[in-house]
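> Enclosed is the structure file data.cif (mmCIF, C-alpha atoms).
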```cif
data_model
#
loop_
_atom_site.label_atom_id
_atom_site.label_comp_id
_atom_site.auth_asym_id
_atom_site.auth_seq_id
_atom_site.Cartn_x
_atom_site.Cartn_y
_atom_site.Cartn_z
CA MET A 1 20.73 -10.03 6.57
CA ARG A 2 18.21 -12.85 6.66
CA LEU A 3 14.96 -13.04 4.70
CA HIS A 4 12.06 -15.02 6.15
CA GLY A 5 9.62 -15.73 3.35
CA PHE A 6 7.35 -18.16 1.57
CA PHE A 7 8.12 -19.12 -2.02
CA ARG A 8 4.55 -18.54 -3.23
CA SER A 9 3.94 -15.27 -1.31
CA SER A 10 3.92 -12.39 -3.77
CA ALA A 11 5.16 -9.97 -1.09
CA SER A 12 8.16 -12.26 -0.39
CA TRP A 13 8.71 -12.50 -4.15
CA ARG A 14 8.98 -8.68 -4.38
CA VAL A 15 11.74 -8.61 -1.78
CA ARG A 16 13.59 -11.48 -3.46
CA ILE A 17 13.67 -9.43 -6.67
CA ALA A 18 14.93 -6.31 -4.88
CA LEU A 19 17.68 -8.24 -3.08
CA GLY A 20 18.68 -9.80 -6.41
CA LEU A 21 18.75 -6.50 -8.33
CA LYS A 22 20.93 -4.99 -5.61
CA GLY A 23 23.16 -8.06 -5.48
CA ILE A 24 22.82 -8.22 -1.68
CA ASP A 25 24.19 -11.37 -0.13
CA HIS A 26 21.70 -12.79 2.41
CA ASP A 27 20.41 -15.91 4.11
CA LYS A 28 16.97 -17.30 3.36
CA ILE A 29 14.59 -18.98 5.77
CA ALA A 30 11.75 -20.71 3.96
CA LEU A 31 8.51 -20.84 5.92
CA ASP A 32 5.70 -23.14 4.83
CA LEU A 33 2.56 -21.07 5.31
CA LEU A 34 0.40 -24.06 4.43
CA LYS A 35 1.82 -25.79 7.53
CA GLY A 36 1.28 -22.65 9.64
CA GLU A 37 4.98 -21.99 10.14
CA HIS A 38 4.21 -18.23 10.28
CA ARG A 39 2.15 -18.95 13.42
CA THR A 40 4.83 -20.64 15.51
CA PRO A 41 5.94 -18.93 18.74
CA ALA A 42 9.45 -18.54 17.29
CA TYR A 43 8.23 -16.66 14.22
CA LEU A 44 5.67 -14.60 16.13
CA ALA A 45 8.47 -13.49 18.45
CA LEU A 46 10.18 -12.14 15.35
CA ASN A 47 7.10 -10.68 13.65
CA PRO A 48 4.01 -10.54 15.89
CA GLN A 49 1.81 -9.95 12.83
CA GLY A 50 2.70 -13.42 11.58
CA LEU A 51 3.13 -12.16 8.04
CA VAL A 52 5.88 -12.73 5.48
CA PRO A 53 8.27 -11.37 4.45
CA ALA A 54 10.39 -10.24 7.38
CA LEU A 55 13.95 -9.07 6.87
CA VAL A 56 16.26 -9.43 9.87
CA LEU A 57 19.24 -7.09 9.72
CA ASP A 58 22.68 -8.08 10.95
CA GLU A 59 22.14 -5.75 13.92
CA GLY A 60 18.96 -7.65 14.79
CA GLN A 61 16.26 -5.19 13.75
CA VAL A 62 13.28 -6.80 12.02
CA LEU A 63 11.80 -5.03 8.99
CA THR A 64 8.34 -5.87 7.68
CA GLN A 65 6.05 -4.80 4.81
CA SER A 66 7.57 -5.57 1.42
CA LEU A 67 7.50 -2.02 0.02
CA ALA A 68 9.07 -0.58 3.16
CA ILE A 69 11.79 -3.25 2.91
CA CYS A 70 12.43 -2.44 -0.77
CA GLU A 71 12.70 1.30 0.01
CA TYR A 72 15.14 0.46 2.83
CA LEU A 73 17.29 -1.64 0.50
CA ASP A 74 17.26 1.20 -2.02
CA GLU A 75 18.47 3.64 0.63
CA VAL A 76 21.29 1.49 2.01
CA VAL A 77 22.44 0.08 -1.35
CA PRO A 78 21.67 2.86 -3.84
CA GLN A 79 22.90 1.09 -6.99
CA PRO A 80 21.15 0.12 -9.18
CA PRO A 81 18.34 2.48 -8.12
CA LEU A 82 14.79 1.17 -7.74
CA LEU A 83 13.37 4.69 -8.21
CA PRO A 84 14.16 7.45 -10.73
CA ALA A 85 16.34 10.38 -9.67
CA ASP A 86 13.69 13.11 -9.99
CA ALA A 87 10.87 13.62 -7.49
CA VAL A 88 8.06 13.52 -10.06
CA GLY A 89 9.42 10.32 -11.56
CA ARG A 90 9.72 8.81 -8.11
CA ALA A 91 6.10 9.72 -7.40
CA HIS A 92 4.97 8.07 -10.63
CA VAL A 93 6.88 4.85 -9.89
CA ARG A 94 5.61 4.71 -6.32
CA ALA A 95 2.06 5.28 -7.59
CA LEU A 96 2.39 2.34 -10.01
CA ALA A 97 3.72 0.14 -7.21
CA LEU A 98 0.90 1.21 -4.88
CA GLN A 99 -1.72 0.59 -7.59
CA ILE A 100 -0.75 -3.05 -7.19
CA ALA A 101 0.21 -3.17 -3.50
CA CYS A 102 -2.88 -1.30 -2.23
CA GLU A 103 -5.53 -1.95 -4.84
CA ILE A 104 -4.96 -5.46 -6.18
CA GLN A 105 -2.88 -7.75 -3.99
CA PRO A 106 -4.70 -7.04 -0.67
CA LEU A 107 -8.02 -7.94 -2.28
CA GLN A 108 -6.95 -11.38 -3.48
CA ASN A 109 -4.57 -12.64 -0.82
CA PRO A 110 -5.41 -15.79 1.13
CA ARG A 111 -6.60 -13.95 4.25
CA VAL A 112 -9.21 -12.02 2.29
CA LEU A 113 -10.34 -15.02 0.28
CA ASN A 114 -10.82 -16.89 3.56
CA ARG A 115 -12.92 -14.00 4.86
CA LEU A 116 -15.07 -14.26 1.75
CA ARG A 117 -15.60 -17.98 2.35
CA ASP A 118 -16.54 -17.16 5.95
CA ASN A 119 -19.16 -14.82 4.51
CA GLY A 120 -20.76 -17.61 2.53
CA VAL A 121 -19.26 -16.92 -0.88
CA ASP A 122 -18.80 -20.27 -2.64
CA LYS A 123 -15.63 -21.63 -4.27
CA GLU A 124 -16.46 -20.35 -7.75
CA GLY A 125 -17.49 -16.97 -6.33
CA VAL A 126 -14.18 -16.63 -4.52
CA LYS A 127 -12.21 -17.41 -7.68
CA ALA A 128 -14.33 -14.98 -9.69
CA TRP A 129 -13.71 -12.28 -7.05
CA ALA A 130 -9.94 -12.77 -7.26
CA ARG A 131 -10.01 -12.76 -11.06
CA GLY A 132 -12.18 -9.64 -11.08
CA VAL A 133 -9.99 -7.54 -8.80
CA ILE A 134 -6.86 -8.62 -10.68
CA GLU A 135 -8.38 -7.87 -14.10
CA ASP A 136 -9.76 -4.48 -13.03
CA GLY A 137 -6.48 -3.53 -11.40
CA LEU A 138 -4.24 -4.64 -14.24
CA ASP A 139 -6.54 -2.98 -16.80
CA ALA A 140 -5.84 0.29 -14.96
CA TYR A 141 -2.10 -0.50 -14.82
CA GLU A 142 -2.03 -1.26 -18.56
CA ALA A 143 -3.75 2.08 -19.25
CA ARG A 144 -1.21 3.88 -17.10
CA LEU A 145 1.71 2.27 -18.95
CA ALA A 146 0.73 4.21 -22.08
CA ALA A 147 2.05 7.30 -20.30
CA THR A 148 4.99 5.84 -18.38
CA ALA A 149 6.45 2.72 -19.99
CA GLY A 150 9.59 2.25 -21.97
CA ARG A 151 11.17 -1.17 -21.86
CA PHE A 152 9.97 -1.37 -18.23
CA SER A 153 6.94 0.04 -16.39
CA TYR A 154 8.62 3.43 -16.05
CA GLY A 155 11.22 4.18 -18.66
CA ASP A 156 14.01 1.82 -19.58
CA GLN A 157 15.26 0.64 -16.20
CA PRO A 158 13.55 -1.78 -13.80
CA THR A 159 11.96 -0.07 -10.79
CA LEU A 160 9.84 -0.73 -7.73
CA ALA A 161 6.84 -0.80 -10.08
CA ASP A 162 8.19 -3.85 -11.94
CA ILE A 163 9.04 -5.48 -8.62
CA CYS A 164 5.32 -5.37 -7.81
CA LEU A 165 4.07 -6.16 -11.30
CA VAL A 166 5.83 -9.46 -11.95
CA PRO A 167 4.58 -11.24 -8.79
CA GLN A 168 1.08 -9.88 -9.42
CA LEU A 169 1.14 -11.55 -12.83
CA GLY A 170 1.96 -14.79 -11.05
CA ASN A 171 -1.28 -14.38 -9.13
CA ALA A 172 -3.13 -13.41 -12.31
CA ARG A 173 -2.17 -16.74 -13.86
CA LYS A 174 -2.95 -18.68 -10.69
CA PHE A 175 -6.52 -17.37 -10.71
CA GLY A 176 -7.00 -17.76 -14.47
CA ALA A 177 -7.32 -14.04 -15.24
CA ARG A 178 -7.41 -13.06 -18.91
CA LEU A 179 -3.91 -12.03 -19.90
CA GLU A 180 -4.82 -9.42 -22.51
CA TRP A 181 -2.38 -6.66 -21.59
CA PRO A 182 0.18 -6.26 -24.37
CA LYS A 183 2.20 -3.55 -22.60
CA ILE A 184 2.25 -5.39 -19.27
CA LEU A 185 3.30 -8.65 -20.89
CA ALA A 186 6.10 -6.91 -22.82
CA VAL A 187 7.37 -5.39 -19.58
CA GLU A 188 7.19 -8.78 -17.85
CA ALA A 189 9.21 -10.37 -20.67
CA ALA A 190 11.86 -7.64 -20.34
CA CYS A 191 12.01 -8.25 -16.57
CA LEU A 192 12.37 -11.99 -16.91
CA GLU A 193 15.44 -11.52 -19.09
CA LEU A 194 17.16 -10.15 -15.97
CA PRO A 195 18.70 -12.82 -13.70
CA ALA A 196 17.34 -11.12 -10.54
CA PHE A 197 13.75 -11.49 -11.72
CA ALA A 198 14.24 -15.01 -13.06
CA ALA A 199 15.92 -16.23 -9.86
CA ALA A 200 13.16 -14.75 -7.65
CA ALA A 201 10.30 -16.70 -9.22
CA PRO A 202 8.52 -19.17 -6.92
CA ALA A 203 9.37 -22.10 -9.19
CA ALA A 204 13.07 -21.22 -8.91
CA GLN A 205 13.10 -21.53 -5.11
CA PRO A 206 14.61 -24.73 -3.64
CA GLU A 207 11.47 -25.47 -1.62
CA ALA A 208 9.40 -25.57 -4.82
CA GLN A 209 11.23 -28.72 -5.92
CA MET B 1 -0.52 22.96 -6.81
CA ARG B 2 -4.15 21.84 -6.84
CA LEU B 3 -5.65 18.99 -4.81
CA HIS B 4 -8.69 17.18 -6.19
CA GLY B 5 -10.32 15.28 -3.33
CA PHE B 6 -13.43 14.26 -1.48
CA PHE B 7 -13.90 15.38 2.10
CA ARG B 8 -14.86 11.92 3.38
CA SER B 9 -12.18 9.98 1.43
CA SER B 10 -9.52 8.79 3.85
CA ALA B 11 -6.87 8.88 1.11
CA SER B 12 -7.70 12.55 0.39
CA TRP B 13 -7.61 13.19 4.13
CA ARG B 14 -4.04 11.83 4.32
CA VAL B 15 -2.85 14.28 1.67
CA ARG B 16 -4.65 17.19 3.34
CA ILE B 17 -2.71 16.45 6.54
CA ALA B 18 0.62 16.26 4.69
CA LEU B 19 -0.02 19.56 2.86
CA GLY B 20 -0.95 21.15 6.18
CA LEU B 21 2.10 19.84 8.07
CA LYS B 22 4.34 21.16 5.28
CA GLY B 23 2.48 24.47 5.15
CA ILE B 24 2.12 24.17 1.37
CA ASP B 25 -0.21 26.72 -0.18
CA HIS B 26 -2.57 25.04 -2.65
CA ASP B 27 -5.98 25.16 -4.28
CA LYS B 28 -8.65 22.61 -3.45
CA ILE B 29 -11.20 21.13 -5.81
CA ALA B 30 -13.94 19.30 -3.91
CA LEU B 31 -15.45 16.38 -5.80
CA ASP B 32 -18.69 14.81 -4.65
CA LEU B 33 -18.14 11.09 -5.11
CA LEU B 34 -21.74 10.38 -4.14
CA LYS B 35 -22.76 12.36 -7.25
CA GLY B 36 -20.20 10.54 -9.39
CA GLU B 37 -18.06 13.61 -9.95
CA HIS B 38 -14.98 11.35 -10.13
CA ARG B 39 -16.51 9.74 -13.20
CA THR B 40 -16.99 12.87 -15.32
CA PRO B 41 -15.03 13.11 -18.60
CA ALA B 42 -13.19 16.16 -17.21
CA TYR B 43 -11.92 14.30 -14.16
CA LEU B 44 -11.17 11.09 -16.03
CA ALA B 45 -9.03 13.14 -18.42
CA LEU B 46 -7.03 14.16 -15.38
CA ASN B 47 -6.97 10.77 -13.64
CA PRO B 48 -8.15 7.88 -15.83
CA GLN B 49 -8.50 5.66 -12.75
CA GLY B 50 -11.26 7.92 -11.47
CA LEU B 51 -9.86 7.85 -7.94
CA VAL B 52 -9.18 10.59 -5.44
CA PRO B 53 -6.94 12.22 -4.47
CA ALA B 54 -5.08 13.64 -7.45
CA LEU B 55 -2.52 16.40 -7.01
CA VAL B 56 -1.93 18.60 -10.04
CA LEU B 57 1.46 20.32 -9.98
CA ASP B 58 1.98 23.84 -11.27
CA GLU B 59 3.82 22.34 -14.25
CA GLY B 60 0.72 20.26 -15.03
CA GLN B 61 1.85 16.78 -13.97
CA VAL B 62 -0.83 14.78 -12.19
CA LEU B 63 0.22 12.72 -9.16
CA THR B 64 -1.98 9.94 -7.76
CA GLN B 65 -1.93 7.46 -4.85
CA SER B 66 -1.91 9.21 -1.49
CA LEU B 67 1.30 7.65 -0.13
CA ALA B 68 3.20 8.46 -3.32
CA ILE B 69 1.92 12.04 -3.07
CA CYS B 70 3.01 12.33 0.57
CA GLU B 71 6.49 10.99 -0.25
CA TYR B 72 6.70 13.53 -3.11
CA LEU B 73 5.75 16.39 -0.80
CA ASP B 74 8.36 15.20 1.70
CA GLU B 75 11.02 15.25 -1.03
CA VAL B 76 10.24 18.70 -2.42
CA VAL B 77 9.49 20.37 0.95
CA PRO B 78 11.75 18.54 3.41
CA GLN B 79 10.69 20.43 6.55
CA PRO B 80 9.15 19.29 8.79
CA PRO B 81 10.08 15.73 7.76
CA LEU B 82 7.41 13.03 7.44
CA LEU B 83 10.01 10.29 7.89
CA PRO B 84 12.90 9.87 10.37
CA ALA B 85 16.45 10.60 9.23
CA ASP B 86 17.81 7.05 9.57
CA ALA B 87 17.07 4.25 7.12
CA VAL B 88 15.83 1.78 9.75
CA GLY B 89 13.51 4.38 11.25
CA ARG B 90 12.20 5.24 7.80
CA ALA B 91 11.52 1.55 7.17
CA HIS B 92 9.59 1.26 10.44
CA VAL B 93 7.46 4.34 9.70
CA ARG B 94 6.73 3.21 6.15
CA ALA B 95 5.80 -0.25 7.48
CA LEU B 96 3.31 1.31 9.92
CA ALA B 97 1.81 3.42 7.13
CA LEU B 98 1.57 0.38 4.85
CA GLN B 99 -0.05 -1.71 7.60
CA ILE B 100 -2.96 0.70 7.22
CA ALA B 101 -2.72 1.57 3.53
CA CYS B 102 -2.35 -2.02 2.28
CA GLU B 103 -4.01 -4.13 4.95
CA ILE B 104 -6.93 -2.13 6.31
CA GLN B 105 -8.17 0.68 4.11
CA PRO B 106 -8.34 -1.30 0.83
CA LEU B 107 -10.53 -3.93 2.50
CA GLN B 108 -13.17 -1.50 3.71
CA ASN B 109 -13.37 1.17 1.03
CA PRO B 110 -16.62 1.67 -0.88
CA ARG B 111 -15.50 -0.20 -3.98
CA VAL B 112 -14.80 -3.35 -1.99
CA LEU B 113 -17.97 -3.11 0.07
CA ASN B 114 -19.92 -2.79 -3.19
CA ARG B 115 -18.21 -5.90 -4.48
CA LEU B 116 -19.28 -7.71 -1.32
CA ARG B 117 -22.90 -6.66 -1.87
CA ASP B 118 -22.61 -7.91 -5.46
CA ASN B 119 -21.54 -11.25 -3.98
CA GLY B 120 -24.70 -11.53 -1.96
CA VAL B 121 -23.39 -10.39 1.43
CA ASP B 122 -26.21 -8.56 3.21
CA LYS B 123 -26.10 -5.10 4.80
CA GLU B 124 -25.22 -6.35 8.28
CA GLY B 125 -22.61 -8.72 6.85
CA VAL B 126 -20.96 -5.85 4.97
CA LYS B 127 -20.78 -3.70 8.09
CA ALA B 128 -19.42 -6.62 10.12
CA TRP B 129 -16.77 -7.23 7.42
CA ALA B 130 -15.63 -3.57 7.58
CA ARG B 131 -15.57 -3.61 11.39
CA GLY B 132 -13.65 -6.90 11.40
CA VAL B 133 -10.87 -5.80 9.06
CA ILE B 134 -10.50 -2.49 10.90
CA GLU B 135 -10.39 -4.15 14.34
CA ASP B 136 -7.93 -6.84 13.25
CA GLY B 137 -5.72 -4.26 11.54
CA LEU B 138 -5.73 -1.74 14.36
CA ASP B 139 -5.13 -4.50 16.94
CA ALA B 140 -1.91 -5.24 15.04
CA TYR B 141 -1.06 -1.52 14.85
CA GLU B 142 -1.65 -1.09 18.60
CA ALA B 143 0.67 -4.05 19.29
CA ARG B 144 3.32 -2.51 17.06
CA LEU B 145 3.13 0.84 18.88
CA ALA B 146 4.53 -0.85 22.00
CA ALA B 147 7.87 -0.96 20.15
CA THR B 148 7.74 2.30 18.19
CA ALA B 149 5.55 4.94 19.82
CA GLY B 150 6.45 8.03 21.75
CA ARG B 151 4.03 10.89 21.65
CA PHE B 152 3.27 9.84 18.05
CA SER B 153 3.24 6.47 16.24
CA TYR B 154 6.99 6.58 15.84
CA GLY B 155 8.83 8.65 18.40
CA ASP B 156 7.87 12.18 19.28
CA GLN B 157 7.27 13.77 15.90
CA PRO B 158 4.31 13.21 13.57
CA THR B 159 5.15 11.02 10.57
CA LEU B 160 3.61 9.34 7.56
CA ALA B 161 2.32 6.68 9.96
CA ASP B 162 0.15 9.19 11.84
CA ILE B 163 -1.04 10.62 8.52
CA CYS B 164 -2.50 7.18 7.77
CA LEU B 165 -3.67 6.40 11.30
CA VAL B 166 -5.93 9.39 11.96
CA PRO B 167 -8.11 8.97 8.83
CA GLN B 168 -8.34 5.23 9.53
CA LEU B 169 -9.77 6.02 12.93
CA GLY B 170 -12.40 8.10 11.17
CA ASN B 171 -13.42 4.96 9.32
CA ALA B 172 -13.26 2.92 12.52
CA ARG B 173 -15.86 5.21 14.08
CA LYS B 174 -18.01 5.26 10.94
CA PHE B 175 -18.30 1.48 11.03
CA GLY B 176 -18.76 1.25 14.78
CA ALA B 177 -15.53 -0.58 15.53
CA ARG B 178 -14.62 -1.05 19.19
CA LEU B 179 -12.19 1.72 20.11
CA GLU B 180 -10.15 -0.17 22.68
CA TRP B 181 -6.66 0.88 21.70
CA PRO B 182 -5.15 3.06 24.41
CA LYS B 183 -1.87 3.75 22.60
CA ILE B 184 -3.60 4.52 19.29
CA LEU B 185 -6.09 6.86 20.93
CA ALA B 186 -3.31 8.69 22.79
CA VAL B 187 -1.45 9.17 19.50
CA GLU B 188 -4.63 10.41 17.82
CA ALA B 189 -5.18 12.94 20.61
CA ALA B 190 -1.61 14.21 20.21
CA CYS B 191 -2.15 14.54 16.46
CA LEU B 192 -5.39 16.46 16.82
CA GLU B 193 -3.63 19.07 18.95
CA LEU B 194 -1.74 20.02 15.78
CA PRO B 195 -3.54 22.50 13.52
CA ALA B 196 -2.62 20.54 10.36
CA PHE B 197 -4.44 17.44 11.62
CA ALA B 198 -7.42 19.36 12.97
CA ALA B 199 -7.88 21.36 9.76
CA ALA B 200 -7.73 18.23 7.59
CA ALA B 201 -10.67 16.45 9.23
CA PRO B 202 -13.69 15.85 6.99
CA ALA B 203 -15.96 17.87 9.28
CA ALA B 204 -13.61 20.85 8.93
CA GLN B 205 -13.96 20.98 5.12
CA PRO B 206 -16.26 23.66 3.66
CA GLU B 207 -18.28 21.10 1.71
CA ALA B 208 -19.18 19.30 4.96
CA GLN B 209 -21.25 22.29 6.06
#
```
For the structure just supplied, provide its representation as structure tokens.


Amino acid sequence: MRLHGFFRSSASWRVRIALGLKGIDHDKIALDLLKGEHRTPAYLALNPQGLVPALVLDEGQVLTQSLAICEYLDEVVPQPPLLPADAVGRAHVRALALQIACEIQPLQNPRVLNRLRDNGVDKEGVKAWARGVIEDGLDAYEARLAATAGRFSYGDQPTLADICLVPQLGNARKFGARLEWPKILAVEAACLELPAFAAAAPAAQPEAQ
Amino acid sequence: MRLHGFFRSSASWRVRIALGLKGIDHDKIALDLLKGEHRTPAYLALNPQGLVPALVLDEGQVLTQSLAICEYLDEVVPQPPLLPADAVGRAHVRALALQIACEIQPLQNPRVLNRLRDNGVDKEGVKAWARGVIEDGLDAYEARLAATAGRFSYGDQPTLADICLVPQLGNARKFGARLEWPKILAVEAACLELPAFAAAAPAAQPEAQ
């Protein structure tokens, strides 16, 4: 399979972690979103939405949306699992992942921040918006960890929740959010001890050099 | 099980459809978000995030996040399925659902529109923002349907994608979006012929009377 992504995109970062945890051999195509490489005819033919990531399977099908891709990888390569074995546990992990993927990341991604600028919000206002949605969202995630966390966000194995959390912390730092979440930071440290998480970081990608 | 929801909340609406398609008997607790009933100590004890929906299982566990709840229902009551049987099909349906749940709904829900007002965007600007994100998002969904749709968003059975689409169209109408999506509107019409979709509409809830 072949992953089309951007090293700084948090959605691409999620899929890099999942591919790494599963140990799935794949090719990488690095797009430079700052140069508009997601808007070329060649890429739009692949993914008409012009978003990253896109995962092209060996049979040619194109998968989009990072969480849908991670669930696919978990179905076709079950070990190590990205979700617990029991239905309630799976619901809790998916809810943690969605707390980030639906309630934080969409509100601070470049497209939305550009919309804010178009609506007359100034540079400082845009940064404060991004910080605010990240801090509110991660406050709620930290509170939730009191019920769910072990070494990782849910119990003692990394899951889809951690796959969303670590890239979101990258964005938290980028926007200067206060990092006062002891449980979240402990989970992040546990994740970064795993080679799959370390190797997926934006700074570890060749195009970051 | 017991569903805590709000008749006009599109996330609650999704779960009502899923419960109806599965034919799952359940109790309903109607919260009035306009009266702040999601902020009472009793509800916050149940769901500290103060969001709807929340599904309380007979064993007492509380599930949150509408897509995580729908996936749970699909796992514990497999028939009729909300996802196709094959992994690629499941990835495509989840991607359609996430196109709405991550890229449209979060950008036009009340919390975000309130944030916009706090940033000095005026009433007309807020409505135009909501219309814009809905139109851009449903344009992309309509384009995607060319590859995936049969009678429903993906093939000829209702799926998680339709569960997200129909409530989003409710919001599209509320904000006066242009409804120029022939494939989407045909899918919506097919959905509304099913009792589970018809019974889940906000106007069909007792508290709407």

> Extract, using all atoms listed in the file, all DNA, RNA and protein residues at most 8 Å from segment 199-201 of chain A, discarding same-chain residues fewer than 2 positions from it, and format them as a list of chain:residue names.

A:Phe7, A:Trp13, A:Arg16, A:Ile17, A:Gly20, A:Pro167, A:Pro195, A:Ala196, A:Phe197, A:Ala203, A:Ala204, A:Gln205

> Please determine, counting only C-alpha atoms, which residue among B:Ala97, B:Leu82, B:Leu21, B:Leu3 has the shortest atom-to-atom distance to Leu194 of chain B.

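Residue with the minimum atom-to-atom distance to Leu194 of chain B: B:Leu21.
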
> When you look at His26 of chain B with a cut-off of 12 Å (counting only C-alpha atoms), what residues show up, excluding the ones that are within fewer than 3 positions of it in the same chain? I need them as a list in words.

Met1, Arg2, Leu3, His4, Val15, Arg16, Ala18, Leu19, Gly20, Lys22, Gly23, Ile29, Leu55, Val56, Leu57 and Asp58 of chain B

> Please produce, as JSON lines, a per-residue contact table for segment 60-130 of chain B versus segment 173-187 of chain B (criterion: any atom at most 9 Å away, only C-alpha atoms considered), showing the nearest atom pair and its distance in Å to one decimal, sorted by chain then residue number.


```
{"residue": "B:Lys127", "atom": "CA", "partner": "B:Phe175", "partner_atom": "CA", "distance": 6.5}
{"residue": "B:Ala128", "atom": "CA", "partner": "B:Phe175", "partner_atom": "CA", "distance": 8.2}
{"residue": "B:Ala130", "atom": "CA", "partner": "B:Phe175", "partner_atom": "CA", "distance": 6.7}
```

> Pick out the closest residue to chain A from this set: B:Ala30, B:Val166, B:Ala140, B:Ala208. Count all atoms listed in the file.

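For chain A, the nearest of the candidates is B:Ala140.
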
> Translate the PyMOL selection byres ((chain B) within 7 of (chain A)), as applied to the file shown, into an explicit residue set as a PyMOL selection string.

chain B and resi 49+63-65+68-69+72+75+87+91-92+94-95+98+101-103+106-107+119+121+140

> Grab the atom CA of Ala11 of chain A to atom CA of Cys164 of chain A distance for me, in Å with one decimal place.

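Answer for the atom CA of Ala11 of chain A to atom CA of Cys164 of chain A separation: 8.1 Å.
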
> Could you put an axis-aligned box around every listed atom of segment 41-58 of chain A, padded by 4 Å on each side, and send me its centre and edge lengths in Å to one decimal, as JSON?


```
{"center_x": 12.2, "center_y": -13.0, "center_z": 11.6, "size_x": 28.9, "size_y": 19.8, "size_z": 22.3}
```

> Missing atoms in segment 52-65 of chain B should be modelled up to N, CA and C atoms and reported as a PDB file, in the frame of the given file.


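Writing done, so here's result_21.pdb:
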```pdb
ATOM      1  N   VAL B  52      -9.735   9.452  -6.137  1.00  0.00           N
ATOM      2  CA  VAL B  52      -9.180  10.590  -5.440  1.00  0.00           C
ATOM      3  C   VAL B  52      -8.220  10.068  -4.375  1.00  0.00           C
ATOM      4  N   PRO B  53      -7.230  10.869  -3.988  1.00  0.00           N
ATOM      5  CA  PRO B  53      -6.940  12.220  -4.470  1.00  0.00           C
ATOM      6  C   PRO B  53      -6.092  12.214  -5.743  1.00  0.00           C
ATOM      7  N   ALA B  54      -6.068  13.379  -6.397  1.00  0.00           N
ATOM      8  CA  ALA B  54      -5.080  13.640  -7.450  1.00  0.00           C
ATOM      9  C   ALA B  54      -4.503  15.018  -7.152  1.00  0.00           C
ATOM     10  N   LEU B  55      -3.193  15.120  -7.250  1.00  0.00           N
ATOM     11  CA  LEU B  55      -2.520  16.400  -7.010  1.00  0.00           C
ATOM     12  C   LEU B  55      -1.947  16.880  -8.333  1.00  0.00           C
ATOM     13  N   VAL B  56      -2.412  18.051  -8.776  1.00  0.00           N
ATOM     14  CA  VAL B  56      -1.930  18.600 -10.040  1.00  0.00           C
ATOM     15  C   VAL B  56      -0.858  19.637  -9.735  1.00  0.00           C
ATOM     16  N   LEU B  57       0.345  19.405 -10.242  1.00  0.00           N
ATOM     17  CA  LEU B  57       1.460  20.320  -9.980  1.00  0.00           C
ATOM     18  C   LEU B  57       1.340  21.556 -10.871  1.00  0.00           C
ATOM     19  N   ASP B  58       2.050  22.598 -10.492  1.00  0.00           N
ATOM     20  CA  ASP B  58       1.980  23.840 -11.270  1.00  0.00           C
ATOM     21  C   ASP B  58       2.442  23.619 -12.705  1.00  0.00           C
ATOM     22  N   GLU B  59       3.327  22.647 -12.903  1.00  0.00           N
ATOM     23  CA  GLU B  59       3.820  22.340 -14.250  1.00  0.00           C
ATOM     24  C   GLU B  59       2.840  21.442 -15.011  1.00  0.00           C
ATOM     25  N   GLY B  60       1.753  21.026 -14.350  1.00  0.00           N
ATOM     26  CA  GLY B  60       0.720  20.260 -15.030  1.00  0.00           C
ATOM     27  C   GLY B  60       0.729  18.769 -14.775  1.00  0.00           C
ATOM     28  N   GLN B  61       1.838  18.232 -14.223  1.00  0.00           N
ATOM     29  CA  GLN B  61       1.850  16.780 -13.970  1.00  0.00           C
ATOM     30  C   GLN B  61       0.786  16.424 -12.929  1.00  0.00           C
ATOM     31  N   VAL B  62       0.196  15.250 -13.108  1.00  0.00           N
ATOM     32  CA  VAL B  62      -0.830  14.780 -12.190  1.00  0.00           C
ATOM     33  C   VAL B  62      -0.257  13.626 -11.364  1.00  0.00           C
ATOM     34  N   LEU B  63      -0.263  13.788 -10.044  1.00  0.00           N
ATOM     35  CA  LEU B  63       0.220  12.720  -9.160  1.00  0.00           C
ATOM     36  C   LEU B  63      -0.986  12.040  -8.509  1.00  0.00           C
ATOM     37  N   THR B  64      -0.897  10.713  -8.382  1.00  0.00           N
ATOM     38  CA  THR B  64      -1.980   9.940  -7.760  1.00  0.00           C
ATOM     39  C   THR B  64      -1.393   9.051  -6.672  1.00  0.00           C
ATOM     40  N   GLN B  65      -2.262   8.366  -5.960  1.00  0.00           N
ATOM     41  CA  GLN B  65      -1.930   7.460  -4.850  1.00  0.00           C
ATOM     42  C   GLN B  65      -1.408   8.282  -3.664  1.00  0.00           C
TER      43      GLN B  65
END
```
